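Shown next: data.cif, containing mmCIF, C-alpha atoms.
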```
data_final
loop_
_atom_site.label_atom_id
_atom_site.label_comp_id
_atom_site.auth_asym_id
_atom_site.auth_seq_id
_atom_site.Cartn_x
_atom_site.Cartn_y
_atom_site.Cartn_z
CA MET A 131 -12.10 -59.19 72.72
CA SER A 132 -9.74 -61.37 70.67
CA ALA A 133 -6.73 -59.56 72.20
CA VAL A 134 -8.07 -60.26 75.70
CA LEU A 135 -8.60 -63.94 74.89
CA ALA A 136 -5.12 -64.17 73.40
CA ALA A 137 -3.61 -62.62 76.53
CA LEU A 138 -5.52 -65.01 78.77
CA THR A 139 -4.64 -68.13 76.80
CA THR A 140 -0.97 -67.13 76.57
CA HIS A 141 -0.63 -67.73 80.30
CA GLY A 142 -2.78 -70.87 80.46
CA ASP A 143 -6.16 -71.27 82.09
CA PRO A 144 -7.23 -67.96 83.72
CA LEU A 145 -8.84 -70.02 86.49
CA TYR A 146 -5.44 -70.21 88.20
CA ALA A 147 -4.56 -66.54 87.76
CA HIS A 148 -5.27 -65.70 91.43
CA GLY A 149 -4.00 -68.84 93.10
CA VAL A 150 -5.69 -72.11 93.99
CA GLY A 151 -8.57 -71.84 96.42
CA TRP A 152 -11.62 -73.92 97.24
CA PHE A 153 -13.53 -72.50 94.26
CA VAL A 154 -10.76 -73.58 91.90
CA TRP A 155 -10.83 -77.12 93.35
CA VAL A 156 -14.60 -77.31 92.91
CA VAL A 157 -14.43 -76.12 89.28
CA VAL A 158 -11.64 -78.58 88.45
CA LEU A 159 -13.55 -81.46 90.05
CA ILE A 160 -16.72 -80.54 88.15
CA LYS A 161 -14.80 -80.35 84.86
CA VAL A 162 -13.29 -83.80 85.42
CA LEU A 163 -16.64 -85.37 86.28
CA VAL A 164 -18.42 -83.70 83.36
CA ALA A 165 -15.72 -84.83 80.91
CA PHE A 166 -15.88 -88.40 82.23
CA VAL A 167 -19.68 -88.57 82.01
CA VAL A 168 -19.75 -86.95 78.57
CA LEU A 169 -17.22 -89.47 77.28
CA LEU A 170 -19.18 -92.44 78.62
CA VAL A 171 -22.45 -91.19 77.15
CA SER A 172 -20.66 -90.39 73.89
CA VAL A 173 -19.35 -93.94 73.68
CA MET A 174 -22.85 -95.33 74.18
CA LEU A 175 -24.21 -93.07 71.44
CA MET A 176 -21.24 -93.77 69.17
CA ILE A 177 -21.84 -97.53 69.27
CA TRP A 178 -25.52 -96.96 68.44
CA PHE A 179 -24.57 -94.49 65.70
CA GLU A 180 -22.10 -96.92 64.11
CA ARG A 181 -24.57 -99.81 64.11
CA LYS A 182 -27.33 -97.64 62.68
CA VAL A 183 -25.21 -96.08 59.93
CA ILE A 184 -23.68 -99.39 58.83
CA SER A 185 -27.09 -101.07 58.83
CA ASP A 186 -28.44 -98.27 56.66
CA MET A 187 -25.50 -98.64 54.25
CA GLN A 188 -26.19 -102.38 54.06
CA SER A 189 -29.98 -102.02 53.72
CA ARG A 190 -30.67 -103.37 57.20
CA ILE A 191 -32.65 -101.99 60.13
CA GLY A 192 -30.12 -102.08 62.96
CA PRO A 193 -30.98 -101.81 66.66
CA ASN A 194 -34.60 -100.75 67.12
CA ARG A 195 -35.95 -102.64 70.16
CA ALA A 196 -34.41 -101.19 73.33
CA GLY A 197 -35.62 -97.64 73.81
CA PRO A 198 -36.67 -95.12 71.14
CA TRP A 199 -34.89 -95.89 67.83
CA GLY A 200 -32.82 -98.50 69.69
CA LEU A 201 -30.88 -95.85 71.66
CA LEU A 202 -30.74 -97.99 74.80
CA GLN A 203 -29.40 -101.09 73.03
CA THR A 204 -25.81 -100.27 74.03
CA LEU A 205 -26.87 -99.82 77.65
CA ALA A 206 -28.61 -103.20 77.54
CA ASP A 207 -25.50 -104.86 76.05
CA GLY A 208 -23.26 -103.26 78.67
CA THR A 209 -25.51 -104.41 81.49
CA LYS A 210 -25.49 -107.95 80.09
CA LEU A 211 -21.67 -107.96 79.89
CA PHE A 212 -21.41 -106.66 83.44
CA PHE A 213 -23.29 -109.67 84.82
CA LYS A 214 -21.57 -112.29 82.67
CA GLU A 215 -19.06 -114.70 84.19
CA ASP A 216 -15.56 -113.26 84.44
CA LEU A 217 -13.18 -115.92 83.09
CA LEU A 218 -9.49 -116.19 83.95
CA PRO A 219 -7.43 -118.58 81.79
CA GLU A 220 -5.43 -121.20 83.64
CA ARG A 221 -2.11 -120.20 82.05
CA ALA A 222 -2.68 -116.46 82.29
CA ASP A 223 -0.53 -114.06 84.27
CA ARG A 224 -3.26 -113.01 86.66
CA ALA A 225 -2.00 -109.56 87.65
CA VAL A 226 -1.07 -108.42 84.14
CA PHE A 227 -4.22 -109.99 82.67
CA LYS A 228 -6.38 -107.87 84.98
CA LEU A 229 -4.31 -104.70 84.51
CA ALA A 230 -4.23 -104.66 80.69
CA PRO A 231 -7.80 -103.35 80.06
CA TYR A 232 -7.16 -100.30 82.24
CA LEU A 233 -3.95 -99.53 80.34
CA SER A 234 -6.10 -99.23 77.23
CA LEU A 235 -8.90 -97.21 78.84
CA VAL A 236 -7.06 -94.65 80.98
CA PRO A 237 -5.00 -93.08 78.12
CA ALA A 238 -8.21 -92.36 76.20
CA LEU A 239 -9.59 -90.46 79.19
CA LEU A 240 -6.38 -88.49 79.71
CA ILE A 241 -6.08 -87.51 76.05
CA PHE A 242 -9.52 -85.89 76.12
CA SER A 243 -8.53 -83.85 79.17
CA VAL A 244 -6.24 -81.58 77.10
CA VAL A 245 -8.67 -81.03 74.21
CA PRO A 246 -10.37 -77.58 74.19
CA VAL A 247 -14.09 -78.06 73.57
CA GLY A 248 -15.18 -74.42 73.84
CA GLY A 249 -14.16 -70.89 74.68
CA ILE A 250 -13.89 -69.14 78.04
CA VAL A 251 -16.78 -69.13 80.51
CA THR A 252 -17.18 -66.83 83.54
CA ILE A 253 -18.99 -68.01 86.69
CA ALA A 254 -19.13 -65.89 89.86
CA GLY A 255 -16.47 -63.59 88.45
CA HIS A 256 -14.03 -66.46 87.79
CA PRO A 257 -13.20 -67.02 84.08
CA PHE A 258 -12.07 -70.50 83.05
CA GLU A 259 -11.60 -72.50 79.89
CA LEU A 260 -13.94 -75.25 78.72
CA GLN A 261 -11.06 -77.69 78.94
CA VAL A 262 -10.10 -79.97 81.80
CA ALA A 263 -6.41 -79.03 81.66
CA ASP A 264 -4.30 -76.74 79.50
CA PRO A 265 -0.66 -77.69 80.10
CA PRO A 266 1.96 -75.87 78.01
CA ILE A 267 2.96 -79.25 76.54
CA GLY A 268 -0.56 -80.51 75.85
CA ILE A 269 0.18 -82.06 72.45
CA LEU A 270 3.06 -84.04 73.98
CA VAL A 271 0.56 -85.44 76.50
CA VAL A 272 -1.51 -86.69 73.55
CA LEU A 273 1.49 -88.44 71.99
CA ALA A 274 2.61 -89.91 75.31
CA MET A 275 -0.83 -91.31 76.15
CA SER A 276 -1.29 -92.80 72.69
CA SER A 277 2.06 -94.55 73.15
CA ILE A 278 1.05 -95.94 76.54
CA ALA A 279 -2.11 -97.42 75.00
CA VAL A 280 0.16 -99.84 73.11
CA TYR A 281 0.98 -101.56 76.40
CA GLY A 282 -2.66 -102.45 77.01
CA VAL A 283 -2.84 -104.40 73.74
CA MET A 284 0.60 -105.96 74.12
CA LEU A 285 0.16 -107.08 77.73
CA ALA A 286 -3.37 -108.38 77.11
CA GLY A 287 -2.11 -110.77 74.45
CA TRP A 288 1.05 -111.76 76.27
CA SER A 289 -0.64 -112.44 79.62
CA SER A 290 -3.46 -114.57 78.16
CA GLY A 291 -1.27 -117.66 77.85
CA SER A 292 -2.66 -118.43 74.38
CA LYS A 293 -1.19 -118.31 70.89
CA TYR A 294 -3.90 -116.32 69.08
CA PRO A 295 -3.93 -113.41 71.58
CA LEU A 296 -0.13 -113.36 71.49
CA LEU A 297 -0.13 -113.06 67.70
CA GLY A 298 -2.70 -110.28 67.91
CA SER A 299 -0.66 -108.37 70.49
CA VAL A 300 2.55 -108.70 68.46
CA ARG A 301 0.71 -107.39 65.41
CA GLY A 302 -0.74 -104.54 67.42
CA SER A 303 2.62 -103.54 68.90
CA ALA A 304 4.36 -103.48 65.52
CA GLN A 305 1.47 -101.62 63.92
CA MET A 306 1.17 -98.93 66.58
CA ILE A 307 4.92 -98.34 66.79
CA SER A 308 5.19 -98.11 62.99
CA TYR A 309 2.43 -95.54 62.62
CA GLU A 310 3.43 -93.66 65.77
CA ALA A 311 6.50 -92.42 63.88
CA ALA A 312 4.43 -90.83 61.10
CA LEU A 313 1.99 -89.49 63.69
CA GLY A 314 4.79 -87.76 65.59
CA ILE A 315 6.31 -86.24 62.44
CA LEU A 316 2.98 -84.80 61.32
CA THR A 317 2.31 -83.41 64.80
CA VAL A 318 5.71 -81.69 64.71
CA THR A 319 4.66 -80.14 61.37
CA VAL A 320 1.61 -78.60 63.03
CA VAL A 321 3.70 -77.39 65.98
CA LEU A 322 6.18 -75.71 63.60
CA VAL A 323 3.39 -73.65 62.02
CA THR A 324 1.60 -72.72 65.25
CA GLY A 325 4.73 -72.21 67.37
CA SER A 326 3.33 -73.81 70.51
CA LEU A 327 2.80 -77.20 72.14
CA SER A 328 -0.37 -76.05 73.91
CA THR A 329 -3.58 -77.35 72.39
CA ARG A 330 -5.36 -74.11 73.30
CA ALA A 331 -2.66 -72.07 71.55
CA ILE A 332 -2.93 -74.31 68.49
CA VAL A 333 -6.66 -73.58 68.34
CA GLN A 334 -6.09 -69.84 68.81
CA SER A 335 -3.59 -69.75 65.93
CA GLN A 336 -6.39 -70.93 63.61
CA ALA A 337 -9.13 -68.68 64.99
CA VAL A 338 -8.81 -65.61 62.73
CA ASN A 339 -10.34 -66.98 59.52
CA PHE A 340 -11.23 -70.44 58.29
CA TRP A 341 -8.42 -70.30 55.71
CA ASP A 342 -6.05 -70.13 58.69
CA TRP A 343 -7.01 -73.68 59.63
CA ASN A 344 -3.96 -75.90 59.51
CA VAL A 345 -5.61 -78.23 57.01
CA LEU A 346 -5.29 -75.41 54.44
CA ARG A 347 -2.12 -73.74 55.72
CA LEU A 348 -0.19 -77.02 55.48
CA GLY A 349 -1.49 -77.95 52.05
CA VAL A 350 -4.15 -80.62 52.85
CA VAL A 351 -1.73 -83.54 52.39
CA PRO A 352 -0.57 -83.68 56.06
CA PHE A 353 -4.19 -83.93 57.14
CA PHE A 354 -4.82 -87.03 55.02
CA LEU A 355 -1.54 -88.55 56.18
CA PHE A 356 -2.47 -87.84 59.80
CA LEU A 357 -5.94 -89.32 59.32
CA THR A 358 -4.42 -92.49 57.86
CA ALA A 359 -1.87 -92.77 60.66
CA ILE A 360 -4.41 -92.16 63.41
CA THR A 361 -6.79 -94.74 61.91
CA ALA A 362 -4.00 -97.32 61.99
CA GLU A 363 -3.06 -96.23 65.50
CA LEU A 364 -6.64 -96.87 66.61
CA THR A 365 -6.58 -100.29 64.87
CA ARG A 366 -9.84 -99.37 63.16
CA PRO A 367 -10.85 -100.88 59.81
CA PRO A 368 -9.18 -101.30 57.39
CA PHE A 369 -6.24 -101.58 59.81
CA ASP A 370 -7.83 -103.86 62.42
CA LEU A 371 -5.22 -106.62 62.05
CA THR A 372 -4.95 -107.04 65.82
CA GLU A 373 -8.39 -108.63 66.05
CA ALA A 374 -8.80 -110.18 62.61
CA GLU A 375 -11.51 -112.71 63.42
CA SER A 376 -10.88 -114.70 60.23
CA GLU A 377 -7.28 -115.32 61.31
CA LEU A 378 -6.94 -114.81 65.07
CA VAL A 379 -10.44 -115.58 66.46
CA GLY A 380 -10.72 -112.36 68.47
CA GLY A 381 -7.13 -111.22 68.51
CA PHE A 382 -5.53 -109.89 71.67
CA HIS A 383 -8.78 -109.99 73.69
CA THR A 384 -9.80 -113.55 72.73
CA GLU A 385 -9.56 -114.80 76.33
CA TYR A 386 -11.38 -111.84 77.90
CA SER A 387 -15.02 -111.87 78.96
CA SER A 388 -17.50 -109.93 81.06
CA ILE A 389 -16.52 -106.47 82.29
CA ARG A 390 -12.88 -106.74 81.17
CA PHE A 391 -13.93 -107.39 77.59
CA ALA A 392 -16.34 -104.45 77.92
CA LEU A 393 -13.42 -102.23 79.01
CA PHE A 394 -11.54 -103.03 75.80
CA PHE A 395 -14.70 -102.35 73.83
CA LEU A 396 -15.16 -99.07 75.71
CA ALA A 397 -11.53 -98.06 75.15
CA GLU A 398 -11.77 -98.66 71.39
CA PHE A 399 -14.76 -96.40 70.87
CA MET A 400 -13.53 -93.83 73.38
CA ASN A 401 -10.24 -93.62 71.49
CA VAL A 402 -12.17 -93.01 68.28
CA ILE A 403 -13.96 -90.06 69.88
CA THR A 404 -10.86 -88.56 71.52
CA MET A 405 -8.70 -88.91 68.41
CA SER A 406 -11.44 -87.34 66.27
CA ALA A 407 -11.34 -84.44 68.72
CA VAL A 408 -7.54 -84.28 68.36
CA VAL A 409 -7.82 -84.15 64.55
CA VAL A 410 -10.35 -81.33 64.82
CA THR A 411 -8.05 -79.48 67.25
CA LEU A 412 -4.91 -79.79 65.12
CA PHE A 413 -6.32 -79.17 61.66
CA PHE A 414 -9.82 -77.66 61.81
CA GLY A 415 -9.62 -74.97 64.47
CA GLY A 416 -11.24 -76.90 67.31
CA PRO A 417 -14.32 -74.97 68.51
CA ASP A 418 -13.60 -72.09 66.13
CA GLY A 419 -16.40 -71.00 63.80
CA PRO A 420 -18.80 -68.15 63.03
CA VAL A 421 -20.81 -67.10 66.09
CA PRO A 422 -24.10 -65.14 65.79
CA HIS A 423 -24.08 -61.81 67.59
CA LEU A 424 -26.74 -62.82 70.10
CA PRO A 425 -26.67 -62.91 73.90
CA THR A 426 -24.73 -65.88 75.40
CA PHE A 427 -24.06 -67.36 71.95
CA ASP A 428 -20.34 -66.70 72.36
CA VAL A 429 -20.39 -69.01 75.41
CA TRP A 430 -21.97 -72.18 74.06
CA PHE A 431 -21.98 -71.86 70.26
CA PRO A 432 -18.25 -72.71 69.88
CA THR A 433 -19.00 -76.02 71.59
CA VAL A 434 -21.68 -76.70 68.98
CA TRP A 435 -19.08 -76.13 66.25
CA PHE A 436 -16.70 -78.52 67.99
CA LEU A 437 -19.32 -81.26 68.30
CA ALA A 438 -20.37 -80.85 64.67
CA LYS A 439 -16.80 -81.23 63.43
CA VAL A 440 -16.18 -84.27 65.63
CA LEU A 441 -19.42 -85.86 64.41
CA VAL A 442 -18.21 -85.56 60.80
CA PHE A 443 -15.07 -87.55 61.61
CA LEU A 444 -17.03 -90.14 63.56
CA PHE A 445 -19.13 -90.66 60.45
CA VAL A 446 -15.94 -90.99 58.38
CA TYR A 447 -14.67 -93.76 60.68
CA VAL A 448 -17.98 -95.60 60.37
CA TRP A 449 -17.80 -95.16 56.60
CA PHE A 450 -14.31 -96.69 56.60
CA ARG A 451 -15.59 -99.74 58.46
CA ALA A 452 -18.49 -100.25 56.08
CA ALA A 453 -16.67 -99.60 52.80
CA LEU A 454 -13.03 -100.73 53.04
CA PRO A 455 -11.75 -104.32 53.15
CA ARG A 456 -9.08 -105.29 55.66
CA LEU A 457 -5.50 -104.91 54.49
CA ARG A 458 -2.98 -107.75 54.55
CA TYR A 459 -0.28 -107.36 57.16
CA ASP A 460 2.48 -106.85 54.57
CA GLN A 461 0.38 -104.12 52.94
CA LEU A 462 -0.07 -102.48 56.33
CA MET A 463 3.67 -102.38 57.01
CA THR A 464 4.47 -101.28 53.46
CA LEU A 465 2.05 -98.37 53.69
CA GLY A 466 3.53 -97.23 56.98
CA TRP A 467 7.27 -97.58 56.36
CA LYS A 468 7.62 -97.11 52.60
CA TYR A 469 5.07 -94.39 51.98
CA LEU A 470 3.67 -92.69 55.08
CA ILE A 471 6.90 -92.03 57.00
CA PRO A 472 9.00 -90.77 54.02
CA LEU A 473 6.17 -88.54 52.75
CA SER A 474 5.52 -87.13 56.25
CA LEU A 475 9.21 -86.43 56.78
CA GLY A 476 9.59 -84.76 53.40
CA TRP A 477 6.53 -82.56 53.98
CA MET A 478 7.75 -81.54 57.43
CA LEU A 479 11.17 -80.54 56.03
CA ALA A 480 9.50 -78.53 53.25
CA VAL A 481 7.28 -76.69 55.74
CA SER A 482 10.26 -75.91 57.99
CA GLY A 483 12.20 -74.66 54.95
CA PHE A 484 9.41 -72.28 53.92
CA LEU A 485 9.20 -70.98 57.48
CA VAL A 486 12.89 -70.02 57.26
CA ASP A 487 12.89 -68.69 53.70
CA GLY A 488 11.06 -69.36 50.45
CA TRP A 489 14.23 -70.41 48.64
CA TRP A 490 15.03 -72.87 51.40
CA GLY A 491 11.61 -74.39 50.94
CA LEU A 492 12.03 -74.72 47.17
CA GLY A 493 15.47 -76.27 47.61
CA ILE A 494 14.12 -78.84 50.08
CA ILE A 495 11.28 -79.68 47.68
CA VAL A 496 13.79 -80.34 44.86
CA VAL A 497 15.89 -82.56 47.13
CA ALA A 498 12.75 -84.37 48.36
CA ILE A 499 11.64 -85.06 44.77
CA ALA A 500 15.08 -86.46 43.94
CA CYS A 501 15.04 -88.66 47.05
CA THR A 502 11.53 -89.83 46.14
CA GLY A 503 12.76 -90.91 42.72
CA LEU A 504 15.64 -92.83 44.30
CA LEU A 505 13.32 -94.52 46.77
CA VAL A 506 10.84 -95.51 44.07
CA ARG A 507 13.68 -96.94 41.99
CA ALA A 508 15.09 -98.83 44.97
CA PHE A 509 11.66 -100.29 45.83
CA ALA A 510 11.13 -101.36 42.21
CA ILE A 511 14.52 -103.10 42.03
CA GLY A 512 13.91 -104.84 45.36
CA LYS A 513 10.51 -106.07 44.25
CA ARG A 514 11.85 -107.38 40.94
CA ARG A 515 14.66 -109.25 42.66
CA ALA A 516 12.24 -110.73 45.18
CA ASP A 517 10.02 -111.92 42.32
CA GLU A 518 13.01 -113.48 40.52
CA HIS A 519 13.95 -115.52 43.57
CA LEU A 520 10.40 -116.38 44.49
CA LEU A 521 10.12 -119.96 45.75
CA VAL A 522 6.95 -121.59 44.47
CA SER A 523 5.59 -124.51 46.46
CA PRO A 524 6.02 -127.70 44.40
CA LEU A 525 2.33 -128.46 44.71
CA GLY A 526 2.07 -128.97 40.98
CA ALA A 527 4.99 -131.41 41.11
CA ARG A 528 3.27 -133.46 43.81
CA LEU A 529 0.14 -133.56 41.68
CA GLY A 530 2.13 -134.53 38.60
CA LEU A 531 1.90 -131.06 37.01
CA PRO A 532 5.18 -129.32 36.07
CA VAL A 533 5.47 -125.75 37.31
CA LEU A 534 7.75 -122.99 36.02
CA VAL A 535 9.67 -121.24 38.82
CA PRO A 536 10.70 -117.61 38.14
CA GLY A 537 14.45 -117.21 38.23
CA ILE A 538 15.24 -120.88 37.45
CA GLY A 539 14.40 -120.89 33.77
CA GLY A 540 13.15 -124.44 33.64
CA VAL A 541 10.22 -126.63 34.60
CA LEU A 542 9.94 -128.02 38.10
CA GLY A 543 8.47 -131.49 37.67
CA PRO A 544 8.08 -134.45 40.00
CA GLU A 545 11.70 -135.51 39.42
CA GLY A 546 13.19 -132.04 39.84
CA PRO A 547 13.97 -129.20 37.41
CA GLU A 548 13.63 -130.01 33.73
CA PRO A 549 15.04 -127.92 30.88
CA PRO A 550 12.56 -125.69 29.08
CA ALA A 551 10.88 -127.14 26.02
CA PRO A 552 12.23 -126.17 22.57
CA GLY A 553 10.59 -123.01 21.40
CA GLY A 554 10.00 -122.16 25.06
CA GLY A 555 6.97 -120.42 26.28
CA GLU A 556 6.29 -117.37 28.28
CA ARG A 557 8.50 -117.22 31.34
CA GLY A 558 6.61 -117.77 34.57
CA ALA A 559 3.71 -119.65 33.01
CA VAL A 560 2.33 -122.85 34.53
CA SER A 561 2.25 -125.95 32.35
CA ALA A 562 -0.40 -128.54 33.08
CA GLY A 563 0.96 -131.19 30.79
CA THR A 564 1.59 -131.47 27.05
CA ALA A 565 -1.23 -130.33 24.81
CA PRO A 566 -2.65 -132.88 22.34
CA GLU A 567 -1.70 -130.70 19.38
CA ALA A 568 1.95 -130.51 20.50
CA ALA A 569 2.18 -134.27 21.03
CA GLY A 570 0.60 -135.12 17.70
CA THR A 571 -1.93 -137.47 19.31
CA ASP A 572 -5.54 -137.33 20.38
CA GLU A 573 -4.76 -137.98 24.06
CA PRO A 574 -2.87 -135.61 26.41
CA LYS A 575 0.48 -136.81 27.59
CA GLY A 576 0.22 -137.10 31.37
CA VAL A 577 2.94 -137.23 33.99
CA SER A 578 2.92 -140.33 36.11
#
```
Kindly return the structure encoded in the file as structure tokens.
Amino acid sequence: MSAVLAALTTHGDPLYAHGVGWFVWVVVLIKVLVAFVVLLVSVMLMIWFERKVISDMQSRIGPNRAGPWGLLQTLADGTKLFFKEDLLPERADRAVFKLAPYLSLVPALLIFSVVPVGGIVTIAGHPFELQVADPPIGILVVLAMSSIAVYGVMLAGWSSGSKYPLLGSVRGSAQMISYEAALGILTVTVVLVTGSLSTRAIVQSQAVNFWDWNVLRLGVVPFFLFLTAITAELTRPPFDLTEAESELVGGFHTEYSSIRFALFFLAEFMNVITMSAVVVTLFFGGPDGPVPHLPTFDVWFPTVWFLAKVLVFLFVYVWFRAALPRLRYDQLMTLGWKYLIPLSLGWMLAVSGFLVDGWWGLGIIVVAIACTGLLVRAFAIGKRRADEHLLVSPLGARLGLPVLVPGIGGVLGPEGPEPPAPGGGERGAVSAGTAPEAAGTDEPKGVS
């Protein structure tokens, strides 16, 4: 059976093996509609799930009024947003302002279309995959759509005609572009091992045994790097700098209301679901798992495995939101450019070396370790030099308190730099006046 499945998946979806007729069109249309409805219902349940889990972690009750266990609370909130007034800022670019929410939503839908959620099903003698589309370059479709999603954030902030949304969109653009590089490198690492760009083929390459899952074959580290990069790409906590309410009010969607705000909200949670499915596909075998030898179990049980794996990652994202504080923007960029990209690149080169020959792999590891040492040394020197030339605000001078400035070697007082006191003190300390013991009097010597 596995040989038959491998032969079928090698040539794409067997639905198109005998041409495209009316039955093929009906099946494709049904698959599209089912995927769309499942995603919408999943978003509604995901919002309820996140609120319930976080409330439980924080010893709260969470939604419990609308429907059993509060399940219909998201539906009630969506209905309320639908009937709210749709505002359009006076200085907004009207066309771009209205287009931006769809540029965030549509990529999430298209990414899910290339994710295999089950095996092969046969209806009326026509076998087909439980997957909307299986293009031979499916993983490139994922990368392309995730890149297009950047435009929704960027254009929403730019077209609002307001400073806070613009700052949020600039943050979002820089963040997504920075982590897109690491994301692409790690995806290439998976493609090198599996030998195909098709998502179905990637799943099939992991289907023999669970130790063939890419999370183990690649040494675990690429999975954690990918999870970090995809979390930043989704602008989920702790990387939600694009909508930091303590700094930017609501970020790039500050000026949005009603159904357009709901579309951004929908896109965020839909992206979480689709990217969790992508992680499961690339590293955990997709719908692969043990199947009981019972009638029809081979048809629907792989889908149960897929949903269970995705649910684990949805819980992880909720856990991140509840447990981790938001990073500063400089920490976000440092993590992406100084750590994530070099480590991803080094791991990809090591994997490619081992695929060629074991000695090549060992040689690349030695070179990567040497380069890591050089990078660490360079970062340490750069940080020390930045600290030496750090400019401290003369707040203490304005208050009459002398302040030591690193790199100057003296005291910055109200009249300018003063030479250090005899006997000195620890470099970089802050002096709040002369102590009574040093002055030989009972009263501190103030600075007028």
What does the distance from CA of Gly142 in chain A to CA of Asp264 in chain A come to in Å, to one decimal?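 Separation of CA of Gly142 in chain A and CA of Asp264 in chain A: 6.1 Å.
These residues, each with an atom at most 12 Å from (11.1, -74.9, 52.2) using only C-alpha atoms, are Leu348, Gly476, Trp477, Met478, Leu479, Ala480, Val481, Ser482, Gly483, Phe484, Leu485, Val486, Asp487, Gly488, Trp489, Trp490, Gly491, Leu492, Gly493, Ile494, Ile495, Val496, Val497 and Ala498 of chain A.
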Write out the residues from the selection above, keeping C-alpha atoms, as a short mmCIF file (atom, residue, chain, number, x, y, z; two decimals), in the coordinates of the input.
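File again_10.cif, as written:
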```cif
data_model
loop_
_atom_site.label_atom_id
_atom_site.label_comp_id
_atom_site.auth_asym_id
_atom_site.auth_seq_id
_atom_site.Cartn_x
_atom_site.Cartn_y
_atom_site.Cartn_z
CA LEU A 348 -0.19 -77.02 55.48
CA GLY A 476 9.59 -84.76 53.40
CA TRP A 477 6.53 -82.56 53.98
CA MET A 478 7.75 -81.54 57.43
CA LEU A 479 11.17 -80.54 56.03
CA ALA A 480 9.50 -78.53 53.25
CA VAL A 481 7.28 -76.69 55.74
CA SER A 482 10.26 -75.91 57.99
CA GLY A 483 12.20 -74.66 54.95
CA PHE A 484 9.41 -72.28 53.92
CA LEU A 485 9.20 -70.98 57.48
CA VAL A 486 12.89 -70.02 57.26
CA ASP A 487 12.89 -68.69 53.70
CA GLY A 488 11.06 -69.36 50.45
CA TRP A 489 14.23 -70.41 48.64
CA TRP A 490 15.03 -72.87 51.40
CA GLY A 491 11.61 -74.39 50.94
CA LEU A 492 12.03 -74.72 47.17
CA GLY A 493 15.47 -76.27 47.61
CA ILE A 494 14.12 -78.84 50.08
CA ILE A 495 11.28 -79.68 47.68
CA VAL A 496 13.79 -80.34 44.86
CA VAL A 497 15.89 -82.56 47.13
CA ALA A 498 12.75 -84.37 48.36
#
```
Neighbouring residues of Tyr447 in chain A were defined as those with any atom within 12 Å, considering all atoms listed in the file; residues of the same chain fewer than 2 positions away were excluded. Please report them as an MDAnalysis selection string. chainID A and resid 176:177 179:180 183:184 357:358 360:362 364:369 399 401:403 405:406 440:445 449:454
For those residues, write C-alpha atoms to a file as an mmCIF file, in the frame of the given file.
```
data_model
loop_
_atom_site.group_PDB
_atom_site.id
_atom_site.type_symbol
_atom_site.label_atom_id
_atom_site.label_comp_id
_atom_site.auth_asym_id
_atom_site.auth_seq_id
_atom_site.Cartn_x
_atom_site.Cartn_y
_atom_site.Cartn_z
ATOM 1 C CA MET A 176 -21.240 -93.770 69.170
ATOM 2 C CA ILE A 177 -21.840 -97.530 69.270
ATOM 3 C CA PHE A 179 -24.570 -94.490 65.700
ATOM 4 C CA GLU A 180 -22.100 -96.920 64.110
ATOM 5 C CA VAL A 183 -25.210 -96.080 59.930
ATOM 6 C CA ILE A 184 -23.680 -99.390 58.830
ATOM 7 C CA LEU A 357 -5.940 -89.320 59.320
ATOM 8 C CA THR A 358 -4.420 -92.490 57.860
ATOM 9 C CA ILE A 360 -4.410 -92.160 63.410
ATOM 10 C CA THR A 361 -6.790 -94.740 61.910
ATOM 11 C CA ALA A 362 -4.000 -97.320 61.990
ATOM 12 C CA LEU A 364 -6.640 -96.870 66.610
ATOM 13 C CA THR A 365 -6.580 -100.290 64.870
ATOM 14 C CA ARG A 366 -9.840 -99.370 63.160
ATOM 15 C CA PRO A 367 -10.850 -100.880 59.810
ATOM 16 C CA PRO A 368 -9.180 -101.300 57.390
ATOM 17 C CA PHE A 369 -6.240 -101.580 59.810
ATOM 18 C CA PHE A 399 -14.760 -96.400 70.870
ATOM 19 C CA ASN A 401 -10.240 -93.620 71.490
ATOM 20 C CA VAL A 402 -12.170 -93.010 68.280
ATOM 21 C CA ILE A 403 -13.960 -90.060 69.880
ATOM 22 C CA MET A 405 -8.700 -88.910 68.410
ATOM 23 C CA SER A 406 -11.440 -87.340 66.270
ATOM 24 C CA VAL A 440 -16.180 -84.270 65.630
ATOM 25 C CA LEU A 441 -19.420 -85.860 64.410
ATOM 26 C CA VAL A 442 -18.210 -85.560 60.800
ATOM 27 C CA PHE A 443 -15.070 -87.550 61.610
ATOM 28 C CA LEU A 444 -17.030 -90.140 63.560
ATOM 29 C CA PHE A 445 -19.130 -90.660 60.450
ATOM 30 C CA TRP A 449 -17.800 -95.160 56.600
ATOM 31 C CA PHE A 450 -14.310 -96.690 56.600
ATOM 32 C CA ARG A 451 -15.590 -99.740 58.460
ATOM 33 C CA ALA A 452 -18.490 -100.250 56.080
ATOM 34 C CA ALA A 453 -16.670 -99.600 52.800
ATOM 35 C CA LEU A 454 -13.030 -100.730 53.040
#
```
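Taking CA of Val434 in chain A as the reference point, CA of Pro417 in chain A is found at 7.6 Å.
What separates CA of Phe213 in chain A from CA of Thr384 in chain A is a distance of 18.5 Å.
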Using all atoms listed in the file: which of A:Val429, A:Val421, A:Leu470, A:Val446 has the shortest distance to Pro257 in chain A: A:Val429
Residues at most 10 Å from Glu220 in chain A, counting only C-alpha atoms, excluding those fewer than 3 positions away in the same chain, as a list in words?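 Using only C-alpha atoms, the neighbours found are Leu217, Asp223, Arg224, Ser290 and Gly291 of chain A.
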